[in-house]
Each structure stands twice: as structure tokens, then as C-alpha cells.
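Dumped query_3.csv below, it's CSV, C-alpha atoms:
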```csv
chain,number,residue,atom,x,y,z
A,298,MET,CA,-139.1,-8.3,-268.7
A,299,LYS,CA,-137.2,-5.8,-266.5
A,300,ARG,CA,-139.8,-4.5,-264.1
A,301,ARG,CA,-139.4,-2.5,-260.9
A,302,TYR,CA,-140.4,-5.4,-258.6
A,303,ALA,CA,-137.8,-7.7,-260.2
A,304,MET,CA,-134.9,-5.9,-258.4
A,305,GLY,CA,-136.6,-6.4,-255.1
A,306,SER,CA,-137.1,-10.1,-255.8
A,307,PHE,CA,-133.5,-10.4,-256.9
A,308,LEU,CA,-132.1,-8.7,-253.8
A,309,ALA,CA,-134.4,-10.8,-251.5
A,310,GLY,CA,-133.3,-14.0,-253.1
A,311,ALA,CA,-129.6,-13.0,-253.0
A,312,ALA,CA,-129.9,-12.0,-249.3
A,313,ALA,CA,-131.6,-15.3,-248.4
A,314,ALA,CA,-129.1,-17.5,-250.3
A,315,ARG,CA,-126.1,-15.6,-249.0
A,316,ALA,CA,-127.3,-15.6,-245.4
A,317,GLY,CA,-127.8,-19.3,-245.7
A,318,ASP,CA,-124.3,-19.7,-247.1
A,319,GLU,CA,-122.8,-17.6,-244.3
A,320,MET,CA,-124.7,-19.7,-241.8
A,321,SER,CA,-123.5,-23.0,-243.2
A,322,GLY,CA,-119.8,-22.6,-242.3
A,323,PRO,CA,-120.3,-21.9,-238.6
A,324,ALA,CA,-123.2,-24.4,-238.5
A,325,LEU,CA,-121.1,-27.2,-239.9
A,326,LEU,CA,-118.2,-26.4,-237.6
A,327,LEU,CA,-120.6,-26.6,-234.6
A,328,ALA,CA,-122.4,-29.7,-235.9
A,329,GLY,CA,-119.1,-31.5,-236.6
A,330,TYR,CA,-117.8,-30.8,-233.2
A,331,ALA,CA,-121.1,-31.6,-231.4
A,332,VAL,CA,-121.6,-34.9,-233.2
A,333,GLY,CA,-118.0,-36.0,-233.7
A,334,GLY,CA,-116.6,-34.4,-230.6
A,335,SER,CA,-113.5,-33.4,-232.5
A,336,ALA,CA,-112.2,-30.1,-233.8
A,337,THR,CA,-110.3,-31.9,-236.5
A,338,GLU,CA,-113.5,-33.4,-237.8
A,339,ALA,CA,-115.3,-30.1,-237.7
A,340,SER,CA,-112.5,-28.3,-239.6
A,341,ALA,CA,-112.3,-31.1,-242.2
A,342,LEU,CA,-115.9,-30.5,-243.0
A,343,LEU,CA,-115.4,-26.7,-243.5
A,344,ALA,CA,-112.3,-27.3,-245.5
A,345,GLY,CA,-114.1,-29.8,-247.7
A,346,ILE,CA,-117.0,-27.6,-248.6
A,347,THR,CA,-114.6,-24.6,-249.3
A,348,VAL,CA,-111.7,-26.1,-251.2
A,349,SER,CA,-113.7,-27.5,-254.1
A,350,ALA,CA,-115.2,-24.1,-255.0
A,351,ALA,CA,-112.0,-23.3,-257.0
A,352,VAL,CA,-112.9,-26.2,-259.4
A,353,GLY,CA,-116.7,-25.7,-259.3
A,354,GLY,CA,-116.7,-22.0,-260.0
A,355,PRO,CA,-115.4,-21.9,-263.6
A,356,LEU,CA,-117.4,-25.0,-264.6
A,357,LEU,CA,-120.7,-23.7,-263.1
A,358,GLY,CA,-120.1,-20.3,-264.7
A,359,ALA,CA,-119.6,-21.8,-268.1
A,360,LEU,CA,-122.8,-23.9,-267.8
A,361,LEU,CA,-124.7,-20.8,-266.7
A,362,ASP,CA,-123.4,-18.9,-269.7
A,363,ARG,CA,-124.4,-21.7,-272.1
A,364,SER,CA,-127.9,-22.1,-270.6
A,365,PRO,CA,-130.9,-20.3,-272.3
A,366,ARG,CA,-132.6,-20.3,-268.8
A,367,PRO,CA,-129.7,-19.6,-266.4
A,368,GLY,CA,-132.1,-18.8,-263.6
A,369,ARG,CA,-133.5,-22.3,-263.6
A,370,LEU,CA,-130.0,-23.8,-263.7
A,371,LEU,CA,-129.1,-21.5,-260.8
A,372,ALA,CA,-132.1,-22.6,-258.9
A,373,ARG,CA,-131.2,-26.3,-259.3
A,374,ALA,CA,-127.6,-25.5,-258.1
A,375,LEU,CA,-129.0,-23.8,-255.0
A,376,ALA,CA,-131.4,-26.7,-254.4
A,377,LEU,CA,-128.5,-29.2,-254.7
A,378,TYR,CA,-126.3,-27.1,-252.4
A,379,GLY,CA,-129.0,-27.0,-249.7
A,380,THR,CA,-129.6,-30.8,-250.1
A,381,GLY,CA,-125.9,-31.4,-249.8
A,382,LEU,CA,-125.8,-29.5,-246.4
A,383,VAL,CA,-128.6,-31.8,-245.1
A,384,LEU,CA,-126.8,-34.9,-246.4
A,385,ILE,CA,-123.7,-33.8,-244.6
A,386,LEU,CA,-125.7,-33.5,-241.4
A,387,LEU,CA,-127.4,-36.8,-241.8
A,388,SER,CA,-124.1,-38.6,-242.5
A,389,LEU,CA,-122.3,-37.2,-239.4
A,390,GLY,CA,-121.7,-40.0,-237.0
A,391,ARG,CA,-123.4,-42.5,-239.3
A,392,LEU,CA,-120.8,-42.7,-242.1
A,393,PRO,CA,-117.0,-42.7,-242.0
A,394,LEU,CA,-115.6,-39.2,-241.8
A,395,GLU,CA,-113.9,-39.6,-245.2
A,396,LEU,CA,-117.3,-40.2,-246.9
A,397,THR,CA,-118.9,-37.2,-245.1
A,398,VAL,CA,-116.0,-35.0,-246.2
A,399,LEU,CA,-116.4,-36.3,-249.7
A,400,ILE,CA,-120.1,-35.2,-249.6
A,401,ALA,CA,-118.9,-31.8,-248.4
A,402,VAL,CA,-116.5,-31.6,-251.3
A,403,PHE,CA,-119.2,-32.3,-253.9
A,404,THR,CA,-121.5,-29.8,-252.2
A,405,GLY,CA,-118.8,-27.1,-252.3
A,406,LEU,CA,-118.6,-27.4,-256.1
A,407,LEU,CA,-121.8,-25.5,-256.2
A,408,GLY,CA,-120.8,-22.8,-253.6
A,409,PRO,CA,-120.0,-20.1,-256.2
A,410,ALA,CA,-123.7,-20.2,-257.3
A,411,LEU,CA,-124.6,-18.3,-254.2
A,412,SER,CA,-122.1,-15.5,-254.9
A,413,GLY,CA,-120.8,-15.0,-258.4
A,414,GLY,CA,-123.4,-17.1,-260.2
A,415,TRP,CA,-126.2,-15.0,-258.7
A,416,THR,CA,-124.6,-11.6,-259.2
A,417,ALA,CA,-123.8,-12.4,-262.8
A,418,GLN,CA,-127.5,-12.3,-263.6
A,419,LEU,CA,-128.0,-8.8,-262.4
A,420,PRO,CA,-127.8,-7.1,-265.9
A,421,ARG,CA,-130.8,-9.3,-266.9
A,422,VAL,CA,-132.9,-7.7,-264.1
A,423,VAL,CA,-132.2,-4.0,-264.4
A,424,PRO,CA,-131.5,-1.7,-267.4
A,425,HIS,CA,-127.9,-0.5,-268.0
A,426,GLU,CA,-128.5,3.0,-266.7
A,427,ARG,CA,-129.5,1.7,-263.3
A,428,MET,CA,-126.6,-0.8,-262.9
A,429,PRO,CA,-124.3,1.3,-260.6
A,430,ARG,CA,-127.0,1.7,-257.9
A,431,ALA,CA,-128.2,-1.9,-258.4
A,432,ASN,CA,-124.6,-3.2,-258.1
A,433,ALA,CA,-124.1,-1.4,-254.8
A,434,LEU,CA,-127.4,-2.8,-253.4
A,435,ASP,CA,-126.3,-6.3,-254.5
A,436,ALA,CA,-123.0,-5.8,-252.7
A,437,MET,CA,-124.9,-4.9,-249.6
A,438,THR,CA,-126.5,-8.3,-249.5
A,439,PHE,CA,-123.0,-9.8,-249.0
A,440,SER,CA,-122.4,-7.5,-246.0
A,441,LEU,CA,-125.9,-8.2,-244.6
A,442,ALA,CA,-125.4,-12.0,-244.9
A,443,SER,CA,-122.0,-11.8,-243.2
A,444,LEU,CA,-123.7,-9.9,-240.3
A,445,VAL,CA,-126.8,-12.0,-239.9
A,446,GLY,CA,-125.6,-15.5,-241.0
A,447,PRO,CA,-123.0,-16.4,-238.3
A,448,ALA,CA,-125.1,-14.7,-235.5
A,449,LEU,CA,-128.2,-16.7,-236.5
A,450,ALA,CA,-126.2,-19.9,-236.7
A,451,GLY,CA,-124.8,-19.3,-233.2
A,452,ALA,CA,-128.2,-18.4,-231.7
A,453,LEU,CA,-129.9,-21.4,-233.2
A,454,ALA,CA,-127.1,-23.8,-232.1
A,455,HIS,CA,-127.4,-22.4,-228.6
A,456,LEU,CA,-131.2,-22.7,-228.4
A,457,LEU,CA,-132.0,-25.8,-230.5
A,458,GLY,CA,-128.6,-27.5,-231.1
A,459,ALA,CA,-126.1,-27.3,-233.9
A,460,PRO,CA,-128.0,-29.6,-236.3
A,461,ALA,CA,-130.9,-27.1,-236.3
A,462,ALA,CA,-128.5,-24.4,-237.5
A,463,VAL,CA,-127.5,-26.5,-240.5
A,464,VAL,CA,-131.1,-27.2,-241.4
A,465,ALA,CA,-131.9,-23.5,-241.1
A,466,SER,CA,-129.1,-22.6,-243.4
A,467,ALA,CA,-130.5,-25.0,-246.0
A,468,ALA,CA,-134.0,-23.6,-245.5
A,469,LEU,CA,-132.8,-20.1,-246.1
A,470,ILE,CA,-131.1,-21.2,-249.3
A,471,ALA,CA,-134.4,-22.9,-250.3
A,472,CYS,CA,-136.2,-19.5,-249.8
A,473,ALA,CA,-134.2,-18.1,-252.7
A,474,LEU,CA,-135.3,-20.7,-255.2
A,475,PRO,CA,-138.4,-18.9,-256.5
A,476,ALA,CA,-136.4,-15.7,-257.2
A,477,ALA,CA,-133.7,-17.7,-259.0
A,478,TRP,CA,-136.2,-19.8,-261.0
A,479,THR,CA,-138.0,-16.7,-262.4
A,480,LEU,CA,-134.9,-14.8,-263.5
A,481,PRO,CA,-135.1,-13.5,-267.1
A,482,ARG,CA,-133.9,-15.6,-270.0
A,483,GLY,CA,-130.2,-15.8,-270.9
A,484,ARG,CA,-128.8,-14.9,-274.3
A,485,GLY,CA,-130.3,-12.1,-276.3
A,486,GLN,CA,-131.4,-10.1,-273.3
A,487,ASP,CA,-128.4,-7.7,-273.1
A,488,GLN,CA,-128.0,-6.2,-276.5
A,489,ASP,CA,-127.3,-2.8,-275.0
A,490,ARG,CA,-123.8,-4.2,-274.0
A,491,ASP,CA,-122.7,-5.1,-277.5
A,492,GLN,CA,-120.8,-1.8,-277.9
A,493,ASP,CA,-118.7,-2.4,-274.8
A,494,GLN,CA,-118.0,-6.0,-275.8
A,495,ASP,CA,-116.8,-4.9,-279.2
A,496,ARG,CA,-114.6,-2.3,-277.7
A,497,ASP,CA,-112.8,-5.0,-275.6
A,498,GLY,CA,-112.5,-7.4,-278.5
A,499,TYR,CA,-115.3,-9.7,-277.6
A,500,ARG,CA,-118.5,-10.3,-279.4
A,501,ASP,CA,-121.6,-12.4,-278.7
A,502,ARG,CA,-121.6,-15.6,-280.6
A,503,ASP,CA,-123.3,-15.4,-283.9
A,504,LYS,CA,-126.4,-17.6,-283.5
A,505,THR,CA,-125.7,-19.2,-286.9
A,506,GLN,CA,-122.3,-20.4,-285.8
A,507,PRO,CA,-122.0,-23.8,-284.1
A,508,ALA,CA,-121.8,-23.8,-280.4
A,509,ALA,CA,-118.3,-24.0,-278.9
A,510,SER,CA,-117.4,-26.9,-276.7
A,511,LEU,CA,-117.5,-26.6,-272.9
A,512,THR,CA,-113.7,-26.8,-272.8
A,513,ALA,CA,-113.5,-23.9,-275.3
A,514,ASP,CA,-115.8,-21.8,-273.2
A,515,LEU,CA,-113.7,-22.5,-270.1
A,516,ALA,CA,-110.6,-21.4,-272.0
A,517,ALA,CA,-112.4,-18.3,-273.3
A,518,GLY,CA,-113.4,-17.3,-269.8
A,519,ILE,CA,-109.9,-17.5,-268.5
A,520,ARG,CA,-108.7,-15.4,-271.5
A,521,ALA,CA,-111.4,-12.9,-270.7
A,522,ILE,CA,-110.1,-12.4,-267.2
A,523,THR,CA,-106.4,-12.4,-268.0
A,524,ARG,CA,-106.4,-10.4,-271.3
A,525,THR,CA,-108.9,-7.6,-270.3
A,526,ARG,CA,-106.6,-5.3,-268.4
A,527,PRO,CA,-109.1,-3.6,-266.1
A,528,LEU,CA,-110.6,-7.0,-265.3
A,529,ALA,CA,-107.2,-8.7,-264.8
A,530,ARG,CA,-105.9,-6.1,-262.4
A,531,ALA,CA,-109.1,-5.8,-260.4
A,532,THR,CA,-109.2,-9.6,-260.1
A,533,LEU,CA,-105.5,-9.8,-259.0
A,534,ALA,CA,-105.8,-7.0,-256.5
A,535,SER,CA,-109.0,-8.4,-254.9
A,536,VAL,CA,-107.7,-11.9,-254.6
A,537,VAL,CA,-104.5,-10.6,-252.8
A,538,SER,CA,-106.6,-8.3,-250.6
A,539,CYS,CA,-108.9,-11.2,-249.8
A,540,ALA,CA,-105.8,-13.2,-248.6
A,541,GLY,CA,-105.1,-10.3,-246.2
A,542,LEU,CA,-108.7,-10.3,-245.0
A,543,GLY,CA,-108.4,-14.0,-244.3
A,544,MET,CA,-105.3,-13.3,-242.2
A,545,LEU,CA,-107.3,-10.6,-240.3
A,546,ILE,CA,-110.2,-12.8,-239.6
A,547,THR,CA,-108.0,-15.6,-238.4
A,548,CYS,CA,-106.4,-13.2,-235.9
A,549,THR,CA,-109.6,-11.8,-234.5
A,550,PRO,CA,-110.0,-14.3,-231.6
A,551,LEU,CA,-106.4,-13.5,-230.4
A,552,LEU,CA,-107.0,-9.8,-231.1
A,553,GLY,CA,-110.1,-9.9,-228.9
A,554,GLU,CA,-108.3,-11.6,-226.1
A,555,ARG,CA,-105.4,-9.2,-226.2
A,556,ALA,CA,-107.4,-6.0,-226.5
A,557,PHE,CA,-110.6,-6.9,-224.5
A,558,GLY,CA,-109.6,-9.9,-222.4
A,559,SER,CA,-111.7,-12.5,-224.2
A,560,ALA,CA,-111.4,-14.3,-227.4
A,561,ALA,CA,-115.2,-14.2,-227.8
A,562,GLU,CA,-114.9,-10.4,-228.2
A,563,GLY,CA,-113.2,-11.1,-231.5
A,564,THR,CA,-116.6,-12.1,-233.0
A,565,LEU,CA,-117.9,-8.7,-232.0
A,566,LEU,CA,-115.1,-7.1,-234.1
A,567,LEU,CA,-116.3,-9.0,-237.1
A,568,THR,CA,-119.8,-7.7,-236.4
A,569,CYS,CA,-118.5,-4.2,-236.3
A,570,THR,CA,-116.8,-4.8,-239.6
A,571,ALA,CA,-119.9,-6.1,-241.2
A,572,VAL,CA,-122.0,-3.2,-239.9
A,573,SER,CA,-119.6,-0.6,-241.3
A,574,ALA,CA,-119.3,-2.4,-244.6
A,575,LEU,CA,-123.1,-2.4,-244.9
A,576,ALA,CA,-123.2,1.3,-244.0
A,577,ALA,CA,-120.5,2.2,-246.5
A,578,ASN,CA,-122.3,0.4,-249.3
A,579,ALA,CA,-125.5,2.1,-248.4
A,580,VAL,CA,-123.8,5.5,-248.9
A,581,LEU,CA,-122.3,4.2,-252.1
A,582,ALA,CA,-125.7,3.1,-253.3
A,583,ARG,CA,-127.0,6.7,-253.0
A,584,ARG,CA,-124.0,8.1,-254.9
A,585,PRO,CA,-122.8,5.2,-257.0
A,586,ARG,CA,-120.8,7.4,-259.5
A,587,ALA,CA,-119.0,9.5,-256.8
A,588,ILE,CA,-115.8,7.5,-257.1
A,589,ALA,CA,-114.6,5.3,-260.0
A,590,PRO,CA,-114.7,1.6,-259.2
A,591,ASP,CA,-111.1,1.2,-260.3
A,592,THR,CA,-110.0,3.9,-257.8
A,593,ILE,CA,-111.9,2.2,-255.0
A,594,ILE,CA,-110.2,-1.2,-255.6
A,595,TRP,CA,-106.7,0.0,-254.9
A,596,SER,CA,-107.5,2.8,-252.4
A,597,SER,CA,-109.6,0.3,-250.2
A,598,ALA,CA,-106.6,-2.0,-250.0
A,599,LEU,CA,-104.5,1.0,-248.7
A,600,LEU,CA,-107.3,1.7,-246.1
A,601,LEU,CA,-107.2,-2.0,-245.0
A,602,ALA,CA,-103.4,-1.8,-244.7
A,603,ALA,CA,-103.7,1.2,-242.4
A,604,ALA,CA,-106.3,-0.5,-240.3
A,605,LEU,CA,-104.2,-3.5,-239.9
A,606,VAL,CA,-101.2,-1.4,-238.8
A,607,LEU,CA,-103.4,0.2,-236.1
A,608,SER,CA,-104.7,-3.2,-234.9
A,609,ALA,CA,-101.1,-4.3,-234.3
A,610,THR,CA,-100.9,-1.8,-231.4
A,611,GLY,CA,-103.4,-3.9,-229.4
A,612,HIS,CA,-105.0,-0.7,-227.9
A,613,PRO,CA,-108.7,-1.3,-227.4
A,614,PHE,CA,-109.9,1.9,-229.0
A,615,LEU,CA,-107.6,1.5,-232.0
A,616,VAL,CA,-108.7,-2.2,-232.4
A,617,LEU,CA,-112.3,-1.1,-232.5
A,618,ALA,CA,-111.4,1.6,-235.0
A,619,THR,CA,-109.6,-1.1,-237.0
A,620,ALA,CA,-112.8,-3.1,-237.3
A,621,LEU,CA,-114.8,-0.1,-238.5
A,622,MET,CA,-112.1,0.9,-241.0
A,623,ALA,CA,-111.9,-2.6,-242.3
A,624,GLY,CA,-115.6,-2.6,-243.1
A,625,VAL,CA,-115.3,0.8,-244.9
A,626,GLY,CA,-112.6,-0.7,-247.0
A,627,GLU,CA,-114.0,-4.2,-247.6
A,628,GLY,CA,-117.6,-3.3,-248.5
A,629,PRO,CA,-117.0,-0.7,-251.2
A,630,GLN,CA,-114.1,-2.9,-252.6
A,631,LEU,CA,-116.6,-5.7,-253.2
A,632,ALA,CA,-119.1,-3.3,-254.8
A,633,ALA,CA,-116.3,-1.9,-257.0
A,634,LEU,CA,-115.1,-5.3,-258.0
A,635,LEU,CA,-118.6,-6.4,-259.1
A,636,ALA,CA,-119.1,-3.1,-261.0
A,637,ILE,CA,-115.8,-3.7,-263.0
A,638,ARG,CA,-116.9,-7.3,-263.7
A,639,HIS,CA,-120.2,-6.1,-265.0
A,640,ARG,CA,-118.6,-3.4,-267.1
A,641,GLU,CA,-115.8,-5.5,-268.6
A,642,SER,CA,-117.2,-9.0,-268.9
A,643,PRO,CA,-118.3,-10.3,-272.3
A,644,GLU,CA,-122.0,-11.0,-272.1
A,645,HIS,CA,-121.7,-14.6,-273.2
A,646,LEU,CA,-118.9,-15.2,-270.6
A,647,ARG,CA,-120.3,-13.1,-267.7
A,648,SER,CA,-121.3,-15.9,-265.4
A,649,GLN,CA,-118.0,-17.7,-265.8
A,650,VAL,CA,-116.1,-14.5,-265.1
A,651,PHE,CA,-118.1,-14.0,-261.9
A,652,THR,CA,-117.9,-17.5,-260.6
A,653,THR,CA,-114.2,-17.9,-261.5
A,654,GLY,CA,-113.5,-14.6,-259.7
A,655,ALA,CA,-115.4,-15.8,-256.7
A,656,SER,CA,-113.5,-19.1,-256.7
A,657,LEU,CA,-110.1,-17.3,-256.8
A,658,LYS,CA,-111.2,-15.1,-253.9
A,659,ILE,CA,-112.2,-18.1,-251.8
A,660,THR,CA,-108.8,-19.6,-252.5
A,661,GLY,CA,-107.0,-16.4,-251.6
A,662,PHE,CA,-108.9,-16.2,-248.4
A,663,ALA,CA,-108.1,-19.8,-247.5
A,664,LEU,CA,-104.4,-19.3,-248.1
A,665,GLY,CA,-104.3,-16.1,-246.0
A,666,ALA,CA,-106.1,-17.9,-243.2
A,667,ALA,CA,-103.6,-20.9,-243.4
A,668,VAL,CA,-100.6,-18.6,-243.2
A,669,ALA,CA,-102.0,-16.4,-240.4
A,670,GLY,CA,-102.6,-19.2,-238.0
A,671,PRO,CA,-99.0,-20.2,-237.3
A,672,LEU,CA,-97.9,-16.5,-237.5
A,673,ALA,CA,-100.4,-15.4,-235.0
A,674,THR,CA,-99.5,-18.2,-232.6
A,675,HIS,CA,-95.9,-17.1,-232.7
A,676,SER,CA,-96.6,-13.3,-232.7
A,677,LEU,CA,-99.9,-11.6,-233.2
A,678,PRO,CA,-98.4,-8.2,-234.2
A,679,THR,CA,-96.2,-9.9,-236.7
A,680,ALA,CA,-99.3,-11.6,-238.3
A,681,LEU,CA,-101.2,-8.3,-238.4
A,682,LEU,CA,-98.3,-6.4,-239.9
A,683,THR,CA,-97.8,-9.1,-242.4
A,684,ALA,CA,-101.5,-8.9,-243.4
A,685,ALA,CA,-101.0,-5.1,-243.8
A,686,GLY,CA,-98.1,-5.8,-246.1
A,687,VAL,CA,-100.3,-8.2,-248.1
A,688,GLN,CA,-102.8,-5.3,-248.5
A,689,LEU,CA,-100.1,-3.0,-249.8
A,690,VAL,CA,-99.1,-5.7,-252.3
A,691,ALA,CA,-102.8,-5.8,-253.4
A,692,ALA,CA,-102.8,-2.0,-254.0
A,693,LEU,CA,-99.4,-2.2,-255.9
A,694,SER,CA,-100.5,-5.2,-258.0
A,695,PHE,CA,-103.4,-3.2,-259.3
A,696,HIS,CA,-101.0,-0.7,-260.8
A,697,ALA,CA,-98.5,-3.3,-261.9
A,698,LEU,CA,-100.6,-4.8,-264.6
```

Using C-alpha cells, write down the structure from this file.
Amino acid sequence: MKRRYAMGSFLAGAAAARAGDEMSGPALLLAGYAVGGSATEASALLAGITVSAAVGGPLLGALLDRSPRPGRLLARALALYGTGLVLILLSLGRLPLELTVLIAVFTGLLGPALSGGWTAQLPRVVPHERMPRANALDAMTFSLASLVGPALAGALAHLLGAPAAVVASAALIACALPAAWTLPRGRGQDQDRDQDQDRDGYRDRDKTQPAASLTADLAAGIRAITRTRPLARATLASVVSCAGLGMLITCTPLLGERAFGSAAEGTLLLTCTAVSALAANAVLARRPRAIAPDTIIWSSALLLAAALVLSATGHPFLVLATALMAGVGEGPQLAALLAIRHRESPEHLRSQVFTTGASLKITGFALGAAVAGPLATHSLPTALLTAAGVQLVAALSFHAL
């Protein structure tokens, strides 16, 4: 049943799981360096737990869509992800690095459960008329997690050691299990969306028809993303924009050193970005229908491009303004993307659309970060201006489809 308290439970679970996820990356980096004494080992762990999301996302989404109790499957995925983090920690220094990275790769397959897999269940929690505000609130949990997670990981690592930060990230994910386990049932709960699905050429499976194979469901999910024009262009623009964000984040240590004299100040810029994203989505939650989600997608990319051009000057005031502007662009862009996915996804493929989209964004971010490293080493302004160009491409790609 969709009751008022259910939304609070959903948001609390999402915030806990996503904060744990945001903690896990920095915690693993610190633990890998502390135990192995090598930056190479630390980065290999982070790469391992990230790269496999591109494969795990579509598969996990398809399984969630096929499940009559997606909440329980989601809870199991969260439990396995948290267990994987603990296993990585226990294997550090005890097993060969290759085996530890392999554990990280298998753990990373479940990563999209904490983002797209969770958000895909939102229409089961709130009625259709409350979705715009609920969607903005859900997007706020991402910003809150990106603000709290890394800071908490750093504080715990400083006070209790890096392994404690990894354990805490797993514990936070575990706190989300009750909220996931009690999510409403799957199919048959969203009949009010039938009209929208018929409009886009997709219908729920007739229960008298035999179930399609998992492979067929995976193919149908890809078709849903590529053949539904609003969904395709929002997905493309967001992935390209995420690549630009990956470039910006990679540049923040050098940007902090250039503008404020210390690479550590770059982390403060990320904090400013997270705070402004949270504030922007809070405003959006109060007036969720003020701007169409499709407009927000491309206009936020333009705002991010302008911010990156300003950051290339290296002036401290403009760099700080850049961090705030980036949050105003990033936060509402995510909320708009989630709104478009909810609006356009066929009900029986919704989880797959969300997890596949999350996987593509992770891949885009990783590619942007990989490109920005060598560029920033050669010339920081060149890297930032290139990132601005990527954001312009994101805005143009939205209109190209």
C-alpha cells in the first residue's frame, strides 16, 4: 500500500545506501594504500569495483523487472554489495592483488542497485500525482550522499583507520535493508501508467502470455532506451555531461592548488558543489513543475559549460563560483533525468532502464576522468576548457536526436 510513511522510509533507505556507496570509493582507496602501501593497488581496487557496473546494471535491472518482489531482490543485492566490501577488506594483504581485484569486480556488478535499482521502485511507493516532488526529493539523496559519504570516510579513516571506514560504509548499506525488503510488490501495482505506456508503443505483458527469456528482456530494455526519443536523448546528453563532470572532478586537486595554494582545497570545492546541488534540488522539490525536465537536461549542460570556462581563469573567486554553479547544474540535471525515466519507461522494463542508464553514466564518468588526467598534467586550463566543450556537446546531443 502507498502510505505517507512509505516515502520517508524510501528516502531514508536511499540516503543510507547511497551514503555508504559514496563512502566506499574513498574508503577502499585509503584502505588499499594503507594495507598495500601502493597507489597502484588502491586505484586498482576502485577501478575494479567501478568498471563492472556497466555489465551488472542491465542484468540486475532485468532481474528486478521480472521479480514479483523486487524489494526483496534489491535487499539481497545490497546485502551482497556490503558483504563484498568487507571481503575486499579482509583479503587485502592476505590474498594476491589479482584475487582482491576480482572480488571487487564481482562486488561492482551490484553497484547499480544503490542508484538506478532503488530509484526505479519509486512509483510503487507514491501515487502518480506526487511523483514530481518525490522525484526531486529522491535526487536530493544523491547530493546528500556525495556530501556526507566522502567526508565521513575521511574522518573515520583519520580517527580509527582506513579499514574502519570500509566497515562503516558496509554498515550504512546494511541500514537500508529493511526499507528495501518492505518495498511494495512488483507487477500489477502501477496500472495508472498503462496509458503512457500505450502512447509510446509499449504495453505490460499480458499475464496469460508465456514469460519472455532474460535475453529477450535485456534486448527489450535496450530498445526502450534507444527507440523512445525523449528517453534516448536524455540518456545520451546525461552520459556525455557525466563525462564532463568526471573531467572536472579529476581536475579539482590541481584547481585547488592553483587557486588556493593547496591541492586539499580541491575537496572543499567538491563540498561546495554538493551543497549547491542539494540546495537547488530542495528548491526544485518545492516547485517541481516550474521547468520541464527536458529543458533542464540541456540547459544544465550549458550552465556547467559556462562554469568550466570560468574555472579555467584560475581566479579564486571565480573558481569558487564555478563550484557553486556546477552544483546548480548537476543537481537539477539528475532530478530531471530521473523524472524523464519515470515518465517514459515502460513499467515492466523500468528497473532495467534505470540501472542501464546508471551504468552508462558510470562509464561516461570513468572515461572523462581517464582523459582529464593526462590533459590536466599537461595544461590545467586546456583540460577545463575541453570539459566545457564536452558539456556543450551534451547540450547539442540532446537536440540532435

Exercise for the section: Take atom CA of Met320 of chain A and atom CA of Ala303 of chain A and report the distance between them in Å, one decimal. Expected result: 25.6 Å

Residues of segment 515-605 of chain A that approach segment 422-443 of chain A to 8 Å or less, counting all atoms listed in the file: could you list each one with the shortest pair of atoms and its distance in Å to one decimal, rows by chain and increasing residue number, as CSV?
```
residue,atom,partner,partner_atom,distance
A:Ala571,CA,A:Ser440,CA,5.6
A:Val572,CA,A:Ser440,CA,7.5
A:Ala574,CA,A:Ser440,CA,6.1
A:Leu575,CA,A:Ser440,CA,5.3
A:Asn578,CA,A:Met437,CA,5.9
A:Ala579,CA,A:Met437,CA,7.1
A:Leu581,CA,A:Ala433,CA,6.5
A:Ala582,CA,A:Arg430,CA,5.0
A:Arg583,CA,A:Arg430,CA,7.0
A:Arg584,CA,A:Arg430,CA,7.7
A:Pro585,CA,A:Pro429,CA,5.5
A:Arg586,CA,A:Pro429,CA,7.1
```

Handout entry: Atom pair atom CA of Thr568 of chain A / atom CA of Gly665 of chain A: separation (Å)
Key =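 Between atom CA of Thr568 of chain A and atom CA of Gly665 of chain A the gap is 20.1 Å.
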
Please identify every residue of segment 339-365 of chain A that has at least one atom no farther than 6 Å from an atom of segment 398-419 of chain A, counting only C-alpha atoms, and for each give the shortest atom pair and the distance in Å to one decimal, arranged by chain then increasing number, as CSV.
```
residue,atom,partner,partner_atom,distance
A:Leu342,CA,A:Val398,CA,5.5
A:Gly345,CA,A:Val402,CA,4.7
A:Ile346,CA,A:Gly405,CA,4.1
A:Thr347,CA,A:Gly405,CA,5.7
A:Ser349,CA,A:Leu406,CA,5.3
A:Ala350,CA,A:Leu406,CA,4.9
A:Gly353,CA,A:Leu406,CA,4.1
A:Gly354,CA,A:Pro409,CA,5.4
```

Exercise for the section: Compare A:Phe662, A:Ala684, A:Val537, A:Ala587 by their minimum atom-to-atom distance to Leu607 of chain A, counting only C-alpha atoms, and give me the closest one. Expected result: A:Ala684

Problem - Given only C-alpha atoms as the counted atoms, nearest of A:Leu615, A:Leu545, A:Leu394, A:Val332 to Val668 of chain A - result: A:Leu545

Practice task
Please identify all polymer residues within 12 Å of Ser676 of chain A, counting all atoms listed in the file, omitting same-chain residues fewer than 3 positions from it, and present them as a VMD selection string.
Solution key: chain A and resid 548 551 to 552 555 609 669 to 673 679 to 683

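Interatomic distance, atom CA of Gln649 of chain A to atom CA of Ala516 of chain A: 10.3 Å.
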